[in-house]
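Pasting final_31.pdb here (PDB, N, CA, C and O atoms):
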```pdb
MODEL        1
ATOM      1  N   MET A   1     -42.842  35.091 -79.828
ATOM      2  CA  MET A   1     -43.666  34.250 -80.681
ATOM      3  C   MET A   1     -44.020  32.981 -79.904
ATOM      4  O   MET A   1     -43.174  32.331 -79.331
ATOM      5  N   THR A   2     -45.262  32.622 -79.906
ATOM      6  CA  THR A   2     -45.728  31.421 -79.243
ATOM      7  C   THR A   2     -45.744  30.278 -80.244
ATOM      8  O   THR A   2     -46.245  30.420 -81.349
ATOM      9  N   THR A   3     -45.179  29.157 -79.835
ATOM     10  CA  THR A   3     -45.145  27.986 -80.710
ATOM     11  C   THR A   3     -46.448  27.220 -80.596
ATOM     12  O   THR A   3     -46.951  26.994 -79.509
ATOM     13  N   MET A   4     -47.003  26.840 -81.727
ATOM     14  CA  MET A   4     -48.190  25.996 -81.773
ATOM     15  C   MET A   4     -47.710  24.557 -81.875
ATOM     16  O   MET A   4     -47.087  24.188 -82.853
ATOM     17  N   GLY A   5     -47.961  23.766 -80.863
ATOM     18  CA  GLY A   5     -47.481  22.389 -80.882
ATOM     19  C   GLY A   5     -46.070  22.318 -80.351
ATOM     20  O   GLY A   5     -45.595  23.196 -79.646
ATOM     21  N   ILE A   6     -45.380  21.257 -80.729
ATOM     22  CA  ILE A   6     -44.006  21.036 -80.273
ATOM     23  C   ILE A   6     -43.089  22.050 -80.941
ATOM     24  O   ILE A   6     -43.201  22.321 -82.135
ATOM     25  N   ASP A   7     -42.173  22.588 -80.166
ATOM     26  CA  ASP A   7     -41.179  23.521 -80.697
ATOM     27  C   ASP A   7     -40.458  22.838 -81.859
ATOM     28  O   ASP A   7     -39.921  21.737 -81.699
ATOM     29  N   PRO A   8     -40.436  23.449 -83.035
ATOM     30  CA  PRO A   8     -39.801  22.823 -84.195
ATOM     31  C   PRO A   8     -38.342  22.422 -83.951
ATOM     32  O   PRO A   8     -37.872  21.433 -84.513
ATOM     33  N   ALA A   9     -37.632  23.153 -83.115
ATOM     34  CA  ALA A   9     -36.234  22.823 -82.819
ATOM     35  C   ALA A   9     -36.114  21.473 -82.115
ATOM     36  O   ALA A   9     -35.062  20.839 -82.159
ATOM     37  N   GLN A  10     -37.199  21.021 -81.480
ATOM     38  CA  GLN A  10     -37.193  19.752 -80.764
ATOM     39  C   GLN A  10     -37.580  18.566 -81.651
ATOM     40  O   GLN A  10     -37.487  17.417 -81.222
ATOM     41  N   LEU A  11     -38.023  18.830 -82.873
ATOM     42  CA  LEU A  11     -38.450  17.770 -83.783
ATOM     43  C   LEU A  11     -37.263  17.191 -84.548
ATOM     44  O   LEU A  11     -36.294  17.895 -84.838
ATOM     45  N   SER A  12     -37.365  15.930 -84.908
ATOM     46  CA  SER A  12     -36.347  15.316 -85.763
ATOM     47  C   SER A  12     -36.470  15.908 -87.170
ATOM     48  O   SER A  12     -37.491  16.515 -87.524
ATOM     49  N   ASP A  13     -35.451  15.711 -87.974
ATOM     50  CA  ASP A  13     -35.503  16.181 -89.358
ATOM     51  C   ASP A  13     -36.712  15.593 -90.079
ATOM     52  O   ASP A  13     -37.418  16.301 -90.796
ATOM     53  N   GLU A  14     -36.937  14.298 -89.870
ATOM     54  CA  GLU A  14     -38.050  13.628 -90.528
ATOM     55  C   GLU A  14     -39.392  14.219 -90.096
ATOM     56  O   GLU A  14     -40.309  14.371 -90.916
ATOM     57  N   ASP A  15     -39.517  14.553 -88.825
ATOM     58  CA  ASP A  15     -40.766  15.147 -88.331
ATOM     59  C   ASP A  15     -40.992  16.532 -88.903
ATOM     60  O   ASP A  15     -42.124  16.888 -89.253
ATOM     61  N   VAL A  16     -39.933  17.336 -88.996
ATOM     62  CA  VAL A  16     -40.068  18.679 -89.579
ATOM     63  C   VAL A  16     -40.555  18.562 -91.016
ATOM     64  O   VAL A  16     -41.503  19.243 -91.427
ATOM     65  N   ILE A  17     -39.939  17.685 -91.782
ATOM     66  CA  ILE A  17     -40.317  17.514 -93.186
ATOM     67  C   ILE A  17     -41.745  16.993 -93.303
ATOM     68  O   ILE A  17     -42.531  17.487 -94.118
ATOM     69  N   ARG A  18     -42.105  16.006 -92.487
ATOM     70  CA  ARG A  18     -43.462  15.461 -92.526
ATOM     71  C   ARG A  18     -44.487  16.538 -92.194
ATOM     72  O   ARG A  18     -45.511  16.700 -92.884
ATOM     73  N   GLU A  19     -44.222  17.324 -91.158
ATOM     74  CA  GLU A  19     -45.155  18.385 -90.768
ATOM     75  C   GLU A  19     -45.273  19.448 -91.860
ATOM     76  O   GLU A  19     -46.372  19.935 -92.134
ATOM     77  N   LEU A  20     -44.155  19.810 -92.472
ATOM     78  CA  LEU A  20     -44.204  20.792 -93.561
ATOM     79  C   LEU A  20     -45.017  20.273 -94.746
ATOM     80  O   LEU A  20     -45.821  21.008 -95.319
ATOM     81  N   ARG A  21     -44.813  19.020 -95.107
ATOM     82  CA  ARG A  21     -45.586  18.450 -96.218
ATOM     83  C   ARG A  21     -47.083  18.474 -95.908
ATOM     84  O   ARG A  21     -47.897  18.805 -96.776
ATOM     85  N   HIS A  22     -47.431  18.152 -94.680
ATOM     86  CA  HIS A  22     -48.846  18.163 -94.293
ATOM     87  C   HIS A  22     -49.406  19.583 -94.334
ATOM     88  O   HIS A  22     -50.513  19.809 -94.860
ATOM     89  N   LEU A  23     -48.671  20.537 -93.801
ATOM     90  CA  LEU A  23     -49.150  21.924 -93.811
ATOM     91  C   LEU A  23     -49.312  22.457 -95.231
ATOM     92  O   LEU A  23     -50.289  23.132 -95.542
ATOM     93  N   HIS A  24     -48.361  22.128 -96.090
ATOM     94  CA  HIS A  24     -48.475  22.591 -97.478
ATOM     95  C   HIS A  24     -49.648  21.912 -98.187
ATOM     96  O   HIS A  24     -50.327  22.547 -99.000
ATOM     97  N   ALA A  25     -49.905  20.670 -97.858
ATOM     98  CA  ALA A  25     -51.030  19.950 -98.469
ATOM     99  C   ALA A  25     -52.380  20.500 -98.020
ATOM    100  O   ALA A  25     -53.363  20.442 -98.756
ATOM    101  N   THR A  26     -52.442  21.064 -96.821
ATOM    102  CA  THR A  26     -53.713  21.556 -96.283
ATOM    103  C   THR A  26     -53.864  23.070 -96.403
ATOM    104  O   THR A  26     -54.891  23.626 -96.016
ATOM    105  N   ARG A  27     -52.874  23.744 -96.968
ATOM    106  CA  ARG A  27     -52.900  25.213 -97.033
ATOM    107  C   ARG A  27     -54.111  25.752 -97.795
ATOM    108  O   ARG A  27     -54.789  26.663 -97.335
ATOM    109  N   SER A  28     -54.366  25.228 -98.962
ATOM    110  CA  SER A  28     -55.443  25.750 -99.794
ATOM    111  C   SER A  28     -56.797  25.634 -99.090
ATOM    112  O   SER A  28     -57.581  26.596 -99.063
ATOM    113  N   ASP A  29     -57.063  24.477 -98.514
ATOM    114  CA  ASP A  29     -58.332  24.283 -97.819
ATOM    115  C   ASP A  29     -58.461  25.247 -96.637
ATOM    116  O   ASP A  29     -59.511  25.842 -96.421
ATOM    117  N   THR A  30     -57.385  25.420 -95.895
ATOM    118  CA  THR A  30     -57.407  26.349 -94.758
ATOM    119  C   THR A  30     -57.607  27.775 -95.247
ATOM    120  O   THR A  30     -58.379  28.541 -94.668
ATOM    121  N   PHE A  31     -56.929  28.139 -96.321
ATOM    122  CA  PHE A  31     -57.039  29.498 -96.851
ATOM    123  C   PHE A  31     -58.457  29.813 -97.319
ATOM    124  O   PHE A  31     -59.018  30.859 -96.987
ATOM    125  N   PHE A  32     -59.032  28.904 -98.084
ATOM    126  CA  PHE A  32     -60.351  29.168 -98.654
ATOM    127  C   PHE A  32     -61.512  28.920 -97.700
ATOM    128  O   PHE A  32     -62.551  29.568 -97.824
ATOM    129  N   HIS A  33     -61.338  28.010 -96.751
ATOM    130  CA  HIS A  33     -62.490  27.607 -95.949
ATOM    131  C   HIS A  33     -62.306  27.713 -94.443
ATOM    132  O   HIS A  33     -63.263  27.507 -93.698
ATOM    133  N   GLY A  34     -61.109  27.993 -93.980
ATOM    134  CA  GLY A  34     -60.873  28.057 -92.539
ATOM    135  C   GLY A  34     -61.272  29.405 -91.959
ATOM    136  O   GLY A  34     -61.368  30.407 -92.663
ATOM    137  N   SER A  35     -61.484  29.405 -90.661
ATOM    138  CA  SER A  35     -61.772  30.662 -89.965
ATOM    139  C   SER A  35     -60.518  31.533 -89.966
ATOM    140  O   SER A  35     -59.414  31.069 -90.281
ATOM    141  N   ASP A  36     -60.680  32.797 -89.604
ATOM    142  CA  ASP A  36     -59.528  33.691 -89.510
ATOM    143  C   ASP A  36     -58.505  33.148 -88.515
ATOM    144  O   ASP A  36     -57.299  33.211 -88.766
ATOM    145  N   ASP A  37     -58.979  32.617 -87.397
ATOM    146  CA  ASP A  37     -58.069  32.044 -86.401
ATOM    147  C   ASP A  37     -57.333  30.826 -86.957
ATOM    148  O   ASP A  37     -56.135  30.656 -86.717
ATOM    149  N   ALA A  38     -58.054  29.966 -87.676
ATOM    150  CA  ALA A  38     -57.421  28.781 -88.256
ATOM    151  C   ALA A  38     -56.346  29.174 -89.262
ATOM    152  O   ALA A  38     -55.253  28.594 -89.284
ATOM    153  N   LEU A  39     -56.635  30.166 -90.079
ATOM    154  CA  LEU A  39     -55.663  30.623 -91.066
ATOM    155  C   LEU A  39     -54.439  31.237 -90.382
ATOM    156  O   LEU A  39     -53.304  30.961 -90.760
ATOM    157  N   ALA A  40     -54.661  32.029 -89.358
ATOM    158  CA  ALA A  40     -53.545  32.645 -88.633
ATOM    159  C   ALA A  40     -52.669  31.581 -87.969
ATOM    160  O   ALA A  40     -51.435  31.655 -88.019
ATOM    161  N   THR A  41     -53.300  30.591 -87.368
ATOM    162  CA  THR A  41     -52.555  29.511 -86.720
ATOM    163  C   THR A  41     -51.777  28.699 -87.744
ATOM    164  O   THR A  41     -50.603  28.365 -87.539
ATOM    165  N   HIS A  42     -52.418  28.391 -88.856
ATOM    166  CA  HIS A  42     -51.779  27.630 -89.933
ATOM    167  C   HIS A  42     -50.565  28.390 -90.455
ATOM    168  O   HIS A  42     -49.484  27.809 -90.635
ATOM    169  N   THR A  43     -50.727  29.681 -90.685
ATOM    170  CA  THR A  43     -49.644  30.515 -91.193
ATOM    171  C   THR A  43     -48.492  30.569 -90.198
ATOM    172  O   THR A  43     -47.323  30.418 -90.578
ATOM    173  N   GLN A  44     -48.807  30.757 -88.937
ATOM    174  CA  GLN A  44     -47.773  30.839 -87.913
ATOM    175  C   GLN A  44     -46.989  29.536 -87.818
ATOM    176  O   GLN A  44     -45.760  29.537 -87.779
ATOM    177  N   ARG A  45     -47.690  28.414 -87.792
ATOM    178  CA  ARG A  45     -47.012  27.125 -87.679
ATOM    179  C   ARG A  45     -46.175  26.842 -88.920
ATOM    180  O   ARG A  45     -45.046  26.342 -88.821
ATOM    181  N   THR A  46     -46.698  27.168 -90.089
ATOM    182  CA  THR A  46     -45.932  26.990 -91.324
ATOM    183  C   THR A  46     -44.657  27.820 -91.272
ATOM    184  O   THR A  46     -43.566  27.329 -91.597
ATOM    185  N   ASN A  47     -44.768  29.067 -90.845
ATOM    186  CA  ASN A  47     -43.594  29.936 -90.743
ATOM    187  C   ASN A  47     -42.562  29.377 -89.771
ATOM    188  O   ASN A  47     -41.358  29.417 -90.050
ATOM    189  N   GLU A  48     -43.028  28.872 -88.634
ATOM    190  CA  GLU A  48     -42.112  28.288 -87.648
ATOM    191  C   GLU A  48     -41.349  27.102 -88.235
ATOM    192  O   GLU A  48     -40.126  27.000 -88.087
ATOM    193  N   LEU A  49     -42.071  26.201 -88.888
ATOM    194  CA  LEU A  49     -41.450  24.996 -89.427
ATOM    195  C   LEU A  49     -40.559  25.305 -90.629
ATOM    196  O   LEU A  49     -39.487  24.703 -90.779
ATOM    197  N   GLU A  50     -40.971  26.249 -91.467
ATOM    198  CA  GLU A  50     -40.127  26.626 -92.602
ATOM    199  C   GLU A  50     -38.836  27.274 -92.109
ATOM    200  O   GLU A  50     -37.758  26.994 -92.640
ATOM    201  N   ALA A  51     -38.922  28.130 -91.106
ATOM    202  CA  ALA A  51     -37.723  28.764 -90.549
ATOM    203  C   ALA A  51     -36.779  27.714 -89.968
ATOM    204  O   ALA A  51     -35.554  27.794 -90.146
ATOM    205  N   GLU A  52     -37.337  26.717 -89.283
ATOM    206  CA  GLU A  52     -36.507  25.649 -88.714
ATOM    207  C   GLU A  52     -35.853  24.836 -89.823
ATOM    208  O   GLU A  52     -34.672  24.499 -89.739
ATOM    209  N   TYR A  53     -36.607  24.520 -90.866
ATOM    210  CA  TYR A  53     -36.038  23.766 -91.985
ATOM    211  C   TYR A  53     -34.883  24.546 -92.609
ATOM    212  O   TYR A  53     -33.808  23.989 -92.866
ATOM    213  N   LEU A  54     -35.078  25.838 -92.858
ATOM    214  CA  LEU A  54     -34.029  26.656 -93.474
ATOM    215  C   LEU A  54     -32.827  26.808 -92.544
ATOM    216  O   LEU A  54     -31.686  26.902 -93.017
ATOM    217  N   ARG A  55     -33.053  26.823 -91.241
ATOM    218  CA  ARG A  55     -31.945  26.886 -90.285
ATOM    219  C   ARG A  55     -31.101  25.618 -90.401
ATOM    220  O   ARG A  55     -29.876  25.672 -90.393
ATOM    221  N   ARG A  56     -31.768  24.480 -90.540
ATOM    222  CA  ARG A  56     -31.055  23.206 -90.630
ATOM    223  C   ARG A  56     -30.420  22.970 -91.991
ATOM    224  O   ARG A  56     -29.410  22.287 -92.108
ATOM    225  N   TYR A  57     -31.048  23.485 -93.030
ATOM    226  CA  TYR A  57     -30.594  23.240 -94.401
ATOM    227  C   TYR A  57     -30.423  24.563 -95.158
ATOM    228  O   TYR A  57     -31.129  24.835 -96.125
ATOM    229  N   PRO A  58     -29.475  25.396 -94.738
ATOM    230  CA  PRO A  58     -29.319  26.700 -95.415
ATOM    231  C   PRO A  58     -28.880  26.565 -96.870
ATOM    232  O   PRO A  58     -29.146  27.446 -97.680
ATOM    233  N   ALA A  59     -28.241  25.455 -97.203
ATOM    234  CA  ALA A  59     -27.788  25.231 -98.579
ATOM    235  C   ALA A  59     -28.637  24.139 -99.230
ATOM    236  O   ALA A  59     -28.131  23.260 -99.921
ATOM    237  N   ARG A  60     -29.949  24.222 -99.008
ATOM    238  CA  ARG A  60     -30.842  23.196 -99.543
ATOM    239  C   ARG A  60     -30.718  23.113-101.056
ATOM    240  O   ARG A  60     -30.313  24.065-101.711
ATOM    241  N   GLU A  61     -31.087  21.958-101.585
ATOM    242  CA  GLU A  61     -31.010  21.740-103.027
ATOM    243  C   GLU A  61     -32.029  22.630-103.735
ATOM    244  O   GLU A  61     -33.199  22.683-103.359
ATOM    245  N   VAL A  62     -31.569  23.339-104.740
ATOM    246  CA  VAL A  62     -32.454  24.196-105.528
ATOM    247  C   VAL A  62     -32.504  23.653-106.944
ATOM    248  O   VAL A  62     -31.472  23.453-107.581
ATOM    249  N   ASP A  63     -33.697  23.390-107.429
ATOM    250  CA  ASP A  63     -33.900  22.897-108.782
ATOM    251  C   ASP A  63     -33.591  24.028-109.765
ATOM    252  O   ASP A  63     -34.227  25.079-109.714
ATOM    253  N   PRO A  64     -32.630  23.842-110.664
ATOM    254  CA  PRO A  64     -32.292  24.898-111.618
ATOM    255  C   PRO A  64     -33.491  25.361-112.437
ATOM    256  O   PRO A  64     -33.552  26.516-112.863
ATOM    257  N   GLY A  65     -34.452  24.482-112.671
ATOM    258  CA  GLY A  65     -35.642  24.860-113.419
ATOM    259  C   GLY A  65     -36.533  25.839-112.664
ATOM    260  O   GLY A  65     -37.414  26.457-113.252
ATOM    261  N   ARG A  66     -36.299  25.964-111.353
ATOM    262  CA  ARG A  66     -37.093  26.888-110.540
ATOM    263  C   ARG A  66     -36.455  28.266-110.444
ATOM    264  O   ARG A  66     -36.994  29.168-109.820
ATOM    265  N   LEU A  67     -35.297  28.432-111.065
ATOM    266  CA  LEU A  67     -34.624  29.726-111.084
ATOM    267  C   LEU A  67     -35.089  30.520-112.300
ATOM    268  O   LEU A  67     -35.620  29.972-113.262
ATOM    269  N   ARG A  68     -34.858  31.789-112.271
ATOM    270  CA  ARG A  68     -35.294  32.656-113.366
ATOM    271  C   ARG A  68     -34.740  32.180-114.711
ATOM    272  O   ARG A  68     -35.450  32.103-115.697
ATOM    273  N   GLU A  69     -33.442  31.834-114.739
ATOM    274  CA  GLU A  69     -32.853  31.370-115.995
ATOM    275  C   GLU A  69     -33.483  30.057-116.464
ATOM    276  O   GLU A  69     -33.733  29.865-117.653
ATOM    277  N   GLY A  70     -33.764  29.163-115.545
ATOM    278  CA  GLY A  70     -34.411  27.907-115.902
ATOM    279  C   GLY A  70     -35.791  28.130-116.482
ATOM    280  O   GLY A  70     -36.219  27.457-117.425
ATOM    281  N   ALA A  71     -36.515  29.101-115.932
ATOM    282  CA  ALA A  71     -37.847  29.423-116.441
ATOM    283  C   ALA A  71     -37.747  29.998-117.855
ATOM    284  O   ALA A  71     -38.594  29.711-118.702
ATOM    285  N   ARG A  72     -36.727  30.774-118.104
ATOM    286  CA  ARG A  72     -36.547  31.343-119.443
ATOM    287  C   ARG A  72     -36.260  30.263-120.478
ATOM    288  O   ARG A  72     -36.665  30.385-121.637
ATOM    289  N   GLN A  73     -35.549  29.224-120.064
ATOM    290  CA  GLN A  73     -35.220  28.148-120.987
ATOM    291  C   GLN A  73     -36.427  27.308-121.353
ATOM    292  O   GLN A  73     -36.440  26.682-122.405
ATOM    293  N   ARG A  74     -37.451  27.319-120.499
ATOM    294  CA  ARG A  74     -38.663  26.556-120.806
ATOM    295  C   ARG A  74     -39.408  27.298-121.870
ATOM    296  O   ARG A  74     -40.085  27.025-122.668
TER     297      ARG A  74
ENDMDL
END
```
Once more with this new file: its structure as structure tokens, please.
Amino acid sequence: MTTMGIDPAQLSDEDVIRELRHLHATRSDTFFHGSDDALATHTQRTNELEAEYLRRYPAREVDPGRLREGARQR
């Protein structure tokens, strides 16, 4: 797998989070209006950064309302 930009493992925690927030904020526009190459690159970079985040935070905080039981209670 070729990394687009700086290898996520080399980024600080703050940089990984900032990059993920930016990618998630631009996903819809890229999906609906970007070229096939832009969408593929966006997807690849998002996957790289999400994998790095999960590697660093395997026990990340999960909002109980986002679980199946929490949804049922709503």
Sel. within 10 Å of pt (-45.9, 30.4, -86.0), counting only C-alpha atoms, output as a short mmCIF file (atom, residue, chain, number, x, y, z; two decimals) with N, CA, C and O atoms, in the coordinates of the input:
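Heads up, here's the output in point08.cif:
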```cif
data_model
loop_
_atom_site.label_atom_id
_atom_site.label_comp_id
_atom_site.auth_asym_id
_atom_site.auth_seq_id
_atom_site.Cartn_x
_atom_site.Cartn_y
_atom_site.Cartn_z
N MET A 1 -42.84 35.09 -79.83
CA MET A 1 -43.67 34.25 -80.68
C MET A 1 -44.02 32.98 -79.90
O MET A 1 -43.17 32.33 -79.33
N THR A 2 -45.26 32.62 -79.91
CA THR A 2 -45.73 31.42 -79.24
C THR A 2 -45.74 30.28 -80.24
O THR A 2 -46.24 30.42 -81.35
N THR A 3 -45.18 29.16 -79.83
CA THR A 3 -45.14 27.99 -80.71
C THR A 3 -46.45 27.22 -80.60
O THR A 3 -46.95 26.99 -79.51
N MET A 4 -47.00 26.84 -81.73
CA MET A 4 -48.19 26.00 -81.77
C MET A 4 -47.71 24.56 -81.88
O MET A 4 -47.09 24.19 -82.85
N GLY A 5 -47.96 23.77 -80.86
CA GLY A 5 -47.48 22.39 -80.88
C GLY A 5 -46.07 22.32 -80.35
O GLY A 5 -45.60 23.20 -79.65
N ASP A 7 -42.17 22.59 -80.17
CA ASP A 7 -41.18 23.52 -80.70
C ASP A 7 -40.46 22.84 -81.86
O ASP A 7 -39.92 21.74 -81.70
N PRO A 8 -40.44 23.45 -83.04
CA PRO A 8 -39.80 22.82 -84.20
C PRO A 8 -38.34 22.42 -83.95
O PRO A 8 -37.87 21.43 -84.51
N ALA A 40 -54.66 32.03 -89.36
CA ALA A 40 -53.54 32.65 -88.63
C ALA A 40 -52.67 31.58 -87.97
O ALA A 40 -51.44 31.66 -88.02
N THR A 41 -53.30 30.59 -87.37
CA THR A 41 -52.56 29.51 -86.72
C THR A 41 -51.78 28.70 -87.74
O THR A 41 -50.60 28.36 -87.54
N HIS A 42 -52.42 28.39 -88.86
CA HIS A 42 -51.78 27.63 -89.93
C HIS A 42 -50.56 28.39 -90.46
O HIS A 42 -49.48 27.81 -90.64
N THR A 43 -50.73 29.68 -90.68
CA THR A 43 -49.64 30.52 -91.19
C THR A 43 -48.49 30.57 -90.20
O THR A 43 -47.32 30.42 -90.58
N GLN A 44 -48.81 30.76 -88.94
CA GLN A 44 -47.77 30.84 -87.91
C GLN A 44 -46.99 29.54 -87.82
O GLN A 44 -45.76 29.54 -87.78
N ARG A 45 -47.69 28.41 -87.79
CA ARG A 45 -47.01 27.12 -87.68
C ARG A 45 -46.18 26.84 -88.92
O ARG A 45 -45.05 26.34 -88.82
N THR A 46 -46.70 27.17 -90.09
CA THR A 46 -45.93 26.99 -91.32
C THR A 46 -44.66 27.82 -91.27
O THR A 46 -43.57 27.33 -91.60
N ASN A 47 -44.77 29.07 -90.84
CA ASN A 47 -43.59 29.94 -90.74
C ASN A 47 -42.56 29.38 -89.77
O ASN A 47 -41.36 29.42 -90.05
N GLU A 48 -43.03 28.87 -88.63
CA GLU A 48 -42.11 28.29 -87.65
C GLU A 48 -41.35 27.10 -88.24
O GLU A 48 -40.13 27.00 -88.09
N LEU A 49 -42.07 26.20 -88.89
CA LEU A 49 -41.45 25.00 -89.43
C LEU A 49 -40.56 25.30 -90.63
O LEU A 49 -39.49 24.70 -90.78
N GLU A 50 -40.97 26.25 -91.47
CA GLU A 50 -40.13 26.63 -92.60
C GLU A 50 -38.84 27.27 -92.11
O GLU A 50 -37.76 26.99 -92.64
N ALA A 51 -38.92 28.13 -91.11
CA ALA A 51 -37.72 28.76 -90.55
C ALA A 51 -36.78 27.71 -89.97
O ALA A 51 -35.55 27.79 -90.15
#
```
Computed gap from atom CA of Arg18 of chain A to atom CA of Tyr57 of chain A is 15.2 Å
Separating atom CA of Asp13 of chain A from atom CA of Tyr53 of chain A, to the nearest tenth of an Å, is a gap of 8.0 Å
So what do you get for atom CA of Ala9 of chain A versus atom CA of Pro58 of chain A, distance-wise?
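Spanning atom CA of Ala9 of chain A to atom CA of Pro58 of chain A is a straight-line distance of 14.9 Å.
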Every residue of chain A that DSSP places in alpha helix (DSSP H), as an MDAnalysis selection string
chainID A and resid 13:33 36:56 68:73
